[in-house]
Each structure stands twice: as structure tokens, then as C-alpha cells.
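Structure file entry33.cif (mmCIF, C-alpha atoms and all ligand atoms) is printed below.
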```
data_work
loop_
_atom_site.label_atom_id
_atom_site.label_comp_id
_atom_site.auth_asym_id
_atom_site.auth_seq_id
_atom_site.Cartn_x
_atom_site.Cartn_y
_atom_site.Cartn_z
CA MET A 22 102.50 23.11 184.70
CA VAL A 23 99.51 23.38 187.01
CA ASP A 24 98.46 26.98 187.68
CA ASN A 25 98.74 27.63 191.42
CA LYS A 26 95.23 29.10 191.27
CA ALA A 27 93.62 26.40 189.15
CA LEU A 28 90.46 26.33 191.23
CA ILE A 29 87.62 28.67 190.23
CA VAL A 30 84.77 28.77 192.74
CA ALA A 31 81.40 29.32 191.04
CA LEU A 32 79.49 31.80 193.21
CA ASP A 33 76.00 30.77 192.14
CA PHE A 34 74.21 32.68 194.91
CA ASP A 35 71.21 35.00 194.93
CA ASP A 36 72.69 37.78 197.02
CA LEU A 37 75.87 39.53 197.93
CA ASP A 38 75.60 38.64 201.64
CA ASN A 39 76.07 34.95 200.89
CA VAL A 40 78.93 35.76 198.53
CA LEU A 41 80.74 37.88 201.10
CA ARG A 42 80.14 35.35 203.88
CA LEU A 43 82.13 32.85 201.82
CA THR A 44 84.69 35.13 200.19
CA ASP A 45 85.56 36.83 203.50
CA ARG A 46 87.04 33.46 204.46
CA LEU A 47 89.02 33.11 201.22
CA ASP A 48 92.41 34.40 200.24
CA PRO A 49 92.71 35.64 196.63
CA SER A 50 96.04 33.83 196.41
CA ILE A 51 94.47 30.35 196.68
CA CYS A 52 91.61 30.43 194.19
CA ARG A 53 89.71 32.43 191.60
CA LEU A 54 86.00 33.21 191.61
CA LYS A 55 83.26 32.94 189.01
CA VAL A 56 80.25 35.21 188.77
CA GLY A 57 77.59 33.77 186.51
CA LYS A 58 74.13 34.62 185.27
CA GLN A 59 72.33 33.98 188.58
CA LEU A 60 74.38 36.35 190.75
CA PHE A 61 74.94 38.91 188.00
CA THR A 62 71.23 39.12 187.20
CA ARG A 63 70.47 39.61 190.91
CA THR A 64 73.16 42.14 191.79
CA GLY A 65 74.34 43.63 188.51
CA PRO A 66 78.01 44.60 188.27
CA MET A 67 78.15 45.36 192.01
CA ALA A 68 79.16 41.82 193.03
CA VAL A 69 81.92 41.76 190.42
CA GLU A 70 83.23 45.17 191.49
CA ARG A 71 83.31 44.19 195.17
CA LEU A 72 85.23 40.99 194.43
CA VAL A 73 87.69 42.70 192.08
CA ASP A 74 88.26 45.38 194.75
CA ARG A 75 89.10 42.64 197.23
CA GLY A 76 91.85 41.41 194.91
CA PHE A 77 90.13 38.33 193.44
CA ASP A 78 90.54 37.22 189.84
CA VAL A 79 86.95 37.08 188.59
CA PHE A 80 85.69 34.97 185.71
CA LEU A 81 82.54 36.72 184.47
CA ASP A 82 80.64 33.75 183.03
CA LEU A 83 77.85 35.37 181.01
CA LYS A 84 78.35 33.15 177.93
CA PHE A 85 77.51 35.83 175.39
CA HIS A 86 75.79 34.56 172.23
CA ASP A 87 74.34 37.26 169.97
CA ILE A 88 75.14 39.15 166.79
CA PRO A 89 78.82 40.16 166.50
CA ASN A 90 78.24 43.87 167.18
CA THR A 91 76.24 43.23 170.34
CA VAL A 92 78.72 40.67 171.65
CA ALA A 93 81.68 42.97 170.94
CA ASN A 94 80.05 45.77 172.94
CA ALA A 95 79.05 43.43 175.77
CA VAL A 96 82.61 42.05 175.96
CA SER A 97 83.99 45.61 176.17
CA ALA A 98 81.56 46.42 178.98
CA ALA A 99 82.59 43.25 180.83
CA ALA A 100 86.28 44.08 180.40
CA ASP A 101 85.66 47.54 181.89
CA LEU A 102 84.73 45.77 185.14
CA GLY A 103 88.34 44.62 185.51
CA VAL A 104 87.59 40.91 185.31
CA TRP A 105 90.19 38.22 184.66
CA MET A 106 88.18 36.12 182.19
CA ILE A 107 85.08 36.56 180.00
CA ASN A 108 83.35 34.03 177.78
CA VAL A 109 81.08 33.65 174.77
CA HIS A 110 79.38 30.64 173.16
CA ALA A 111 81.47 29.14 170.34
CA VAL A 112 78.27 28.27 168.44
CA GLY A 113 77.88 32.03 167.91
CA GLY A 114 80.37 31.40 165.11
CA SER A 115 83.72 32.77 164.04
CA SER A 116 82.47 36.26 163.05
CA MET A 117 81.03 36.71 166.53
CA MET A 118 84.14 35.35 168.25
CA LYS A 119 86.48 37.49 166.11
CA ALA A 120 84.39 40.59 166.91
CA ALA A 121 84.68 39.77 170.63
CA HIS A 122 88.43 39.22 170.30
CA GLU A 123 88.91 42.49 168.39
CA ALA A 124 86.85 44.39 170.95
CA LEU A 125 89.56 43.58 173.51
CA ALA A 126 92.55 44.34 171.29
CA GLY A 127 94.84 47.07 172.56
CA ARG A 128 93.45 47.09 176.10
CA GLN A 129 95.98 47.36 178.89
CA ASN A 130 94.49 44.87 181.32
CA LYS A 131 92.99 42.55 178.77
CA PRO A 132 90.84 39.77 180.24
CA LEU A 133 91.21 36.26 178.90
CA LEU A 134 88.51 35.43 176.39
CA THR A 135 87.19 31.86 176.23
CA ALA A 136 84.34 30.15 174.41
CA VAL A 137 81.93 27.52 175.66
CA THR A 138 82.02 24.47 173.39
CA VAL A 139 79.32 22.07 174.61
CA LEU A 140 77.72 22.63 178.01
CA THR A 141 78.78 19.98 180.51
CA SER A 142 75.10 19.39 181.24
CA MET A 143 74.63 18.04 177.70
CA ALA A 144 75.16 14.48 176.58
CA GLU A 145 74.72 12.90 173.15
CA ALA A 146 70.92 12.69 173.40
CA ASP A 147 70.65 16.38 174.34
CA LEU A 148 72.83 17.32 171.38
CA ALA A 149 70.72 15.19 169.01
CA GLU A 150 67.64 17.05 170.22
CA VAL A 151 69.09 20.33 168.96
CA GLY A 152 70.23 18.85 165.66
CA PHE A 153 73.81 17.79 166.38
CA GLN A 154 74.48 14.13 165.66
CA GLY A 155 77.34 12.16 167.16
CA PRO A 156 79.35 12.25 170.37
CA ALA A 157 79.96 15.43 172.35
CA LEU A 158 83.70 14.94 171.86
CA SER A 159 83.71 15.52 168.08
CA ARG A 160 81.59 18.62 168.46
CA VAL A 161 83.84 19.95 171.25
CA VAL A 162 86.97 19.36 169.12
CA GLU A 163 85.40 21.08 166.11
CA LEU A 164 84.29 24.11 168.17
CA ALA A 165 87.65 24.34 169.97
CA LYS A 166 89.50 24.50 166.64
CA LEU A 167 87.11 27.22 165.45
CA THR A 168 87.69 29.13 168.69
CA GLU A 169 91.46 28.88 168.37
CA ARG A 170 91.35 30.09 164.75
CA ALA A 171 89.23 33.07 165.85
CA GLY A 172 92.11 34.09 168.14
CA LEU A 173 90.53 33.39 171.53
CA ASP A 174 92.55 32.24 174.54
CA GLY A 175 90.77 28.98 175.21
CA VAL A 176 87.57 27.02 175.65
CA VAL A 177 85.18 25.85 178.32
CA CYS A 178 84.64 22.08 178.00
CA SER A 179 84.34 18.94 180.09
CA ALA A 180 87.58 17.48 181.42
CA ARG A 181 86.42 14.31 179.67
CA GLU A 182 87.45 15.97 176.41
CA ALA A 183 90.73 17.41 177.67
CA VAL A 184 93.04 14.58 176.58
CA GLU A 185 91.79 14.69 172.98
CA LEU A 186 91.77 18.50 172.89
CA ARG A 187 95.37 18.66 174.10
CA LYS A 188 96.35 16.68 170.97
CA VAL A 189 94.88 19.26 168.59
CA VAL A 190 95.23 22.70 170.17
CA ASP A 191 98.29 24.79 171.05
CA PRO A 192 99.78 23.93 174.48
CA ALA A 193 99.04 27.50 175.64
CA PHE A 194 95.36 27.23 174.67
CA ILE A 195 93.39 27.29 177.93
CA LEU A 196 90.97 24.52 178.92
CA VAL A 197 88.46 25.61 181.57
CA THR A 198 86.48 22.68 182.91
CA PRO A 199 83.21 22.83 184.83
CA GLY A 200 81.32 19.63 185.63
CA ILE A 201 83.76 18.87 188.46
CA ARG A 202 82.56 16.62 191.26
CA LEU A 203 84.21 15.11 194.31
CA LYS A 204 83.72 11.40 194.94
CA GLY A 205 80.25 10.81 196.37
CA ASP A 206 78.89 14.24 195.38
CA SER A 207 75.52 14.58 193.73
CA VAL A 208 75.92 15.13 189.99
CA GLY A 209 72.80 17.33 189.77
CA ASP A 210 72.06 18.53 186.24
CA GLN A 211 75.63 17.95 185.05
CA LYS A 212 76.37 14.93 182.84
CA ARG A 213 80.01 14.96 181.71
CA VAL A 214 81.58 15.09 185.21
CA VAL A 215 85.17 14.40 186.39
CA GLU A 216 87.00 14.54 189.76
CA PRO A 217 89.39 17.48 190.36
CA ALA A 218 92.77 15.71 190.22
CA ALA A 219 91.68 13.60 187.24
CA ALA A 220 90.65 16.75 185.38
CA ILE A 221 94.07 18.33 185.87
CA ALA A 222 95.80 15.07 184.91
CA ALA A 223 93.75 15.02 181.71
CA GLY A 224 95.06 18.46 180.75
CA ALA A 225 92.56 20.94 182.21
CA ASP A 226 94.05 24.30 183.24
CA TYR A 227 91.19 25.53 185.42
CA LEU A 228 88.50 23.71 187.36
CA VAL A 229 85.13 25.38 187.91
CA VAL A 230 83.45 24.04 191.04
CA GLY A 231 80.09 25.30 192.23
CA ARG A 232 77.62 23.27 194.26
CA SER A 233 80.19 20.83 195.69
CA ILE A 234 81.54 23.88 197.53
CA THR A 235 78.60 26.28 197.86
CA THR A 236 76.12 23.76 199.26
CA ALA A 237 78.60 22.18 201.70
CA ALA A 238 78.19 22.73 205.43
CA ASP A 239 81.76 24.04 205.46
CA PRO A 240 82.65 25.37 201.97
CA VAL A 241 86.18 26.40 202.97
CA ARG A 242 86.91 22.85 204.12
CA VAL A 243 85.84 21.53 200.69
CA ILE A 244 88.05 24.11 198.96
CA LYS A 245 91.02 22.98 201.06
CA ARG A 246 90.24 19.34 200.30
CA ILE A 247 90.20 20.09 196.56
CA LEU A 248 93.43 22.07 196.75
CA SER A 249 95.22 19.34 198.66
CA SER A 250 94.00 16.75 196.13
CA LEU A 251 95.76 18.83 193.45
CA GLU A 252 99.11 18.92 195.23
CA PRO A 253 101.80 16.90 193.46
CA GLY A 254 102.26 13.41 194.88
O1 LIG A 301 77.44 23.60 190.66
P1 LIG A 301 78.32 23.21 189.51
O2 LIG A 301 79.72 22.80 189.95
O3 LIG A 301 77.69 22.21 188.57
O4 LIG A 301 78.50 24.57 188.72
C1 LIG A 301 79.15 24.67 187.49
C2 LIG A 301 79.23 26.10 187.10
O5 LIG A 301 79.87 26.20 185.84
C3 LIG A 301 77.87 26.79 186.93
O6 LIG A 301 78.04 28.13 187.36
C4 LIG A 301 77.60 26.75 185.45
O7 LIG A 301 76.86 27.86 185.00
C5 LIG A 301 79.02 26.80 184.88
N1 LIG A 301 79.23 26.18 183.57
C6 LIG A 301 78.93 24.88 183.29
N2 LIG A 301 79.12 24.36 182.03
C7 LIG A 301 79.65 25.11 181.09
C8 LIG A 301 80.00 26.43 181.37
C9 LIG A 301 79.79 26.94 182.64
O8 LIG A 301 78.48 24.16 184.17
N3 LIG A 301 79.91 24.61 179.91
#
```
Please go through the file and, once you have read it, give me the structure as C-alpha cells.
Ligand code: C5P
Amino acid sequence: MVDNKALIVALDFDDLDNVLRLTDRLDPSICRLKVGKQLFTRTGPMAVERLVDRGFDVFLDLKFHDIPNTVANAVSAAADLGVWMINVHAVGGSSMMKAAHEALAGRQNKPLLTAVTVLTSMAEADLAEVGFQGPALSRVVELAKLTERAGLDGVVCSAREAVELRKVVDPAFILVTPGIRLKGDSVGDQKRVVEPAAAIAAGADYLVVGRSITTAADPVRVIKRILSSLEPG
């Protein structure tokens, strides 16, 4: 079943003014928001706190990748902000992911914890450059299985891998898919891109959309266009 808030808007802005200009026009019941490294590094936790206070589900996309102890403490700090989802890099390994998972155990309002498999900006040649041979798909599948065994809630991957992943992971395992583009949009630095409705049809649970919305003349219009493209029929 498609989540009625499947769309996650990536707020890759430099300042809170731009964020509030957009989010003032959004209802927390229609979409979720993502705060990533750009905005977080500029504003610190303030942007997250303001959005959480306004009732938005916030995905804090800081992609932690460090030694297990550091990641566990960072994940706890992120959870204290009241966010809906946090993530780490699966290549940090199972000890790191388990430490992150355990750091959240027993919390009342536990955020979802996901792991990035292979960045959607990477294709086979980029993976070869860092020593991984073969297609992105096999690496994504391998890292998703590792993530699931470590007890996390899901992975971040390209919707191009969703059909294969759905065959090997639990139905409740979450697939968060960036690299979403509308027909005719510039791909930018992304490589493994998919259109919104196709991503959901392939088995994605959540769609992360940034520049297609944030650089549009009317971002709210694009959001509405995406949401209507996801309506059944
Ligand atoms: O502008 P665009 O739609 O390409 O933005 C995608 C967003 O998703 C960015 O904020 C990027 O950091 C994030 N992301 C990604 N690939 C991943 C994980 C997160 O593009 N694997």
C-alpha cells in the first residue's frame, strides 16, 4: 500500500528563510521533509527543530559513517531532535549499523533508521573507481541484506533496484528512493534516476525529490503535480 505521505521534499537550501518560504505553503499532511548536510551545516539543529515544531515529519539525512561508538552517539543526538527518520552508510558495516540500531532501542518516539546502499549519483564506473566491481544492483542487494540483518528499518537506494530488492527483503523493509526526476527535468549529478509513479510501481515506499521542486519557479505546483501522478488510476 502506498503511504499517503510518500513524498519527501529535500530542502537543500543555504538558509532558513528559503526553507520557511517554501514550507509555509506546505501542509504536513501531504508530504515529509528532508534536511541534509547542506542545510544542517548552515543552520545546525535549528532548521530541524523549527520544522518538527510545525508538525512536519523530518528525515535527517546526515548519512553517518564512522566508528560504531561515534555513530551510536550521533544517532542518539539526532533522535533527540524528534526526527522521523535518520540514516547511516551501510558500508560502515554491520558493527556500526548494529550500534546505531541499539542506540535507539527503548526510546519512546523512535525514529526510523535506514542505511544508504549505493548513492544514486554513482554508476558502475564510479563504483569501479573505489574498488567495487560489477553492477550497482548486486552491491545494493548485498548491502540491503546486511542492513536488514543488522536490524535497521530499511535502505536508501535507487528505484531502479526496487523490484529486485522487493524479492529479497521483508515486505515491511522500507525502500527510500532519491534520484527521482520528472519527465524533461535535468538529471544533474544523479545517474540512476526514475520518475515518481514508476518508482512507486517498482516498490519504493518513499520518494526523495530535491531540485525538481526546489529550483522550480513554483515549487508547490511541482509538489501537487507529483502527488497527483501518484494517485491510483
Ligand atoms: O536534487 P535531488 O532530487 O537530486 O536531491 C536528492 C537528495 O537526496 C539530495 O538531498 C541528496 O543528498 C539525497 N540523497 C541522494 N542519494 C542518496 C541518498 C540521499 O541523492 N543515496
Shortest contact to Leu203 in chain A, candidates A:Ala218, A:Ile51, A:Ile88, A:Leu167, atoms counted all atoms listed in the file, goes to A:Ala218
Please identify the residues whose atoms come within 6 Å of ligand LIG 301 (chain A), using all atoms listed in the file, and report them as a ChimeraX atom specification.
-> /A:31,33,57,137,139-141,177-178,199-201,211,229-232
Restrict the calculation to all atoms listed in the file, then for each residue of range 102-162 of chain A with any atom at most 8 Å from an atom of range 180-194 of chain A give the closest atom pair and their distance in Å to one decimal, rows by chain and rising residue number, as a Markdown table.
```
| residue | atom | partner | partner_atom | distance |
| --- | --- | --- | --- | --- |
| A:Leu158 | CA | A:Glu182 | CA | 6.0 |
| A:Val161 | CA | A:Glu182 | CA | 7.4 |
| A:Val162 | CA | A:Leu186 | CA | 6.2 |
```
Give me the residues within 12 Å of Ser249 in chain A as a PyMOL selection string, counting all atoms listed in the file and dropping any in the same chain fewer than 2 places off.
-> chain A and resi 25+27-28+51+217-218+242-247+251-254
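Of the listed residues (A:Leu134, A:Ile221, A:Cys52, A:Val40), A:Val40 comes nearest to Thr235 in chain A; the distances count all atoms listed in the file.
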Polymer residues at most 7 Å from Pro132 in chain A, all atoms listed in the file, same-chain spacing of 2 or more positions, as a PyMOL selection string = chain A and resi 100+104-107+130+134
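Residues with any atom within 8 Å of range 89-95 of chain A, counting all atoms listed in the file and excluding same-chain neighbours fewer than 2 positions away, are Phe85, His86, Asp87, Ser97, Ala98, Ala99, Ser116, Met117, Met118, Ala120, Ala121, His122, Glu123 and Ala124 of chain A.
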Go ahead and save the residues from that selection, with C-alpha atoms, as a PDB file, in the coordinates of the input.
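The resulting file, selection_5.pdb, is shown below:
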```pdb
ATOM      1  CA  PHE A  85      77.510  35.830 175.390  1.00  0.00           C
ATOM      2  CA  HIS A  86      75.790  34.560 172.230  1.00  0.00           C
ATOM      3  CA  ASP A  87      74.340  37.260 169.970  1.00  0.00           C
ATOM      4  CA  SER A  97      83.990  45.610 176.170  1.00  0.00           C
ATOM      5  CA  ALA A  98      81.560  46.420 178.980  1.00  0.00           C
ATOM      6  CA  ALA A  99      82.590  43.250 180.830  1.00  0.00           C
ATOM      7  CA  SER A 116      82.470  36.260 163.050  1.00  0.00           C
ATOM      8  CA  MET A 117      81.030  36.710 166.530  1.00  0.00           C
ATOM      9  CA  MET A 118      84.140  35.350 168.250  1.00  0.00           C
ATOM     10  CA  ALA A 120      84.390  40.590 166.910  1.00  0.00           C
ATOM     11  CA  ALA A 121      84.680  39.770 170.630  1.00  0.00           C
ATOM     12  CA  HIS A 122      88.430  39.220 170.300  1.00  0.00           C
ATOM     13  CA  GLU A 123      88.910  42.490 168.390  1.00  0.00           C
ATOM     14  CA  ALA A 124      86.850  44.390 170.950  1.00  0.00           C
TER      15      ALA A 124
END
```
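Between Val30 in chain A and the candidates A:Ala171, A:Ala238, A:Val56, A:Val96, the tightest atom-to-atom separation, counting all atoms listed in the file, involves A:Val56.
What separates CA of Glu70 in chain A from CA of Lys26 in chain A is a distance of 20.1 Å.
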Padded axis-aligned box of range 246-249 of chain A (5 Å per side), centre and edge lengths, Å, one decimal, as AutoDock Vina command-line options:
```
--center_x 92.7 --center_y 20.7 --center_z 198.4 --size_x 15.0 --size_y 12.7 --size_z 13.7
```
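The spacing separating CA of Thr62 in chain A from CA of Arg75 in chain A amounts to 20.8 Å.
Closest approach to Asp210 in chain A among A:Ala225, A:Met143, A:Val23, A:Ala237: A:Met143, based on all atoms listed in the file.
Using all atoms listed in the file, the smallest distance between any of A:Val73, A:Ala126, A:Leu83, A:Asp239 and Leu102 in chain A comes from A:Val73.
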Polymer residues at most 6 Å from Asn108 in chain A, only C-alpha atoms, same-chain spacing of 3 or more positions, as a count of residues only = 5
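Among the candidate residues A:Thr198, A:Ser250, A:Thr236, A:Thr64, the one lying nearest to Ile29 in chain A is A:Thr198, with distances computed using only C-alpha atoms.
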Between CA of Asp174 in chain A and CA of Arg63 in chain A, distance in Å (one decimal) | 28.5 Å
Excluding same-chain residues fewer than 4 positions from range 41-50 of chain A, what lies within 7 Å of it counting only C-alpha atoms, as JSON, numbers by chain?
-> {"A": [37, 76, 77]}
Generate the coordinates of all heavy atoms for range 167-178 of chain A; report them as a CSV table (one decimal), in the coordinates of the input.
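Final output, saved to part01.csv:
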```csv
chain,number,residue,atom,x,y,z
A,167,LEU,N,87.7,26.0,166.0
A,167,LEU,CA,87.1,27.2,165.4
A,167,LEU,C,87.5,28.4,166.4
A,167,LEU,O,87.8,29.5,165.9
A,167,LEU,CB,85.6,27.1,165.4
A,167,LEU,CG,84.8,28.2,164.7
A,167,LEU,CD1,85.0,28.1,163.2
A,167,LEU,CD2,83.3,28.0,165.0
A,168,THR,N,87.4,28.1,167.7
A,168,THR,CA,87.7,29.1,168.7
A,168,THR,C,89.1,29.6,168.6
A,168,THR,O,89.5,30.7,168.7
A,168,THR,CB,87.4,28.6,170.1
A,168,THR,OG1,86.0,28.1,170.2
A,168,THR,CG2,87.7,29.6,171.2
A,169,GLU,N,90.0,28.6,168.4
A,169,GLU,CA,91.5,28.9,168.4
A,169,GLU,C,91.8,29.7,167.1
A,169,GLU,O,92.5,30.7,167.2
A,169,GLU,CB,92.3,27.6,168.4
A,169,GLU,CG,93.8,27.8,168.6
A,169,GLU,CD,94.5,26.5,168.7
A,169,GLU,OE1,94.2,25.5,168.0
A,169,GLU,OE2,95.5,26.5,169.5
A,170,ARG,N,91.1,29.3,166.0
A,170,ARG,CA,91.4,30.1,164.8
A,170,ARG,C,90.8,31.5,164.9
A,170,ARG,O,91.3,32.4,164.2
A,170,ARG,CB,90.7,29.4,163.6
A,170,ARG,CG,91.4,28.1,163.1
A,170,ARG,CD,91.0,27.7,161.7
A,170,ARG,NE,89.6,27.4,161.6
A,170,ARG,CZ,89.0,26.2,161.8
A,170,ARG,NH1,89.8,25.2,162.1
A,170,ARG,NH2,87.8,26.0,161.7
A,171,ALA,N,89.8,31.7,165.7
A,171,ALA,CA,89.2,33.1,165.8
A,171,ALA,C,90.1,33.9,166.8
A,171,ALA,O,89.8,35.1,167.0
A,171,ALA,CB,87.8,33.0,166.4
A,172,GLY,N,91.1,33.3,167.3
A,172,GLY,CA,92.1,34.1,168.1
A,172,GLY,C,91.8,34.1,169.6
A,172,GLY,O,92.5,34.9,170.4
A,173,LEU,N,90.9,33.3,170.1
A,173,LEU,CA,90.5,33.4,171.5
A,173,LEU,C,91.6,32.6,172.4
A,173,LEU,O,92.4,31.9,171.8
A,173,LEU,CB,89.1,32.8,171.8
A,173,LEU,CG,88.0,33.8,171.6
A,173,LEU,CD1,87.9,34.3,170.2
A,173,LEU,CD2,86.6,33.2,172.0
A,174,ASP,N,91.5,32.8,173.7
A,174,ASP,CA,92.6,32.2,174.5
A,174,ASP,C,92.3,30.8,174.9
A,174,ASP,O,93.2,30.1,175.4
A,174,ASP,CB,92.7,33.1,175.8
A,174,ASP,CG,93.1,34.5,175.5
A,174,ASP,OD1,94.2,34.7,175.0
A,174,ASP,OD2,92.2,35.4,175.8
A,175,GLY,N,91.0,30.3,174.8
A,175,GLY,CA,90.8,29.0,175.2
A,175,GLY,C,89.3,28.6,175.2
A,175,GLY,O,88.5,29.4,174.7
A,176,VAL,N,89.0,27.5,175.7
A,176,VAL,CA,87.6,27.0,175.6
A,176,VAL,C,87.1,26.5,177.0
A,176,VAL,O,87.9,26.2,177.9
A,176,VAL,CB,87.3,25.9,174.6
A,176,VAL,CG1,87.4,26.3,173.2
A,176,VAL,CG2,88.3,24.7,174.9
A,177,VAL,N,85.8,26.5,177.2
A,177,VAL,CA,85.2,25.8,178.3
A,177,VAL,C,84.7,24.5,177.8
A,177,VAL,O,83.9,24.5,176.8
A,177,VAL,CB,84.0,26.7,178.9
A,177,VAL,CG1,83.4,26.1,180.1
A,177,VAL,CG2,84.5,28.1,179.2
A,178,CYS,N,85.0,23.4,178.5
A,178,CYS,CA,84.6,22.1,178.0
A,178,CYS,C,84.6,21.2,179.2
A,178,CYS,O,84.9,21.6,180.3
A,178,CYS,CB,85.7,21.6,177.0
A,178,CYS,SG,87.3,21.4,177.7
```
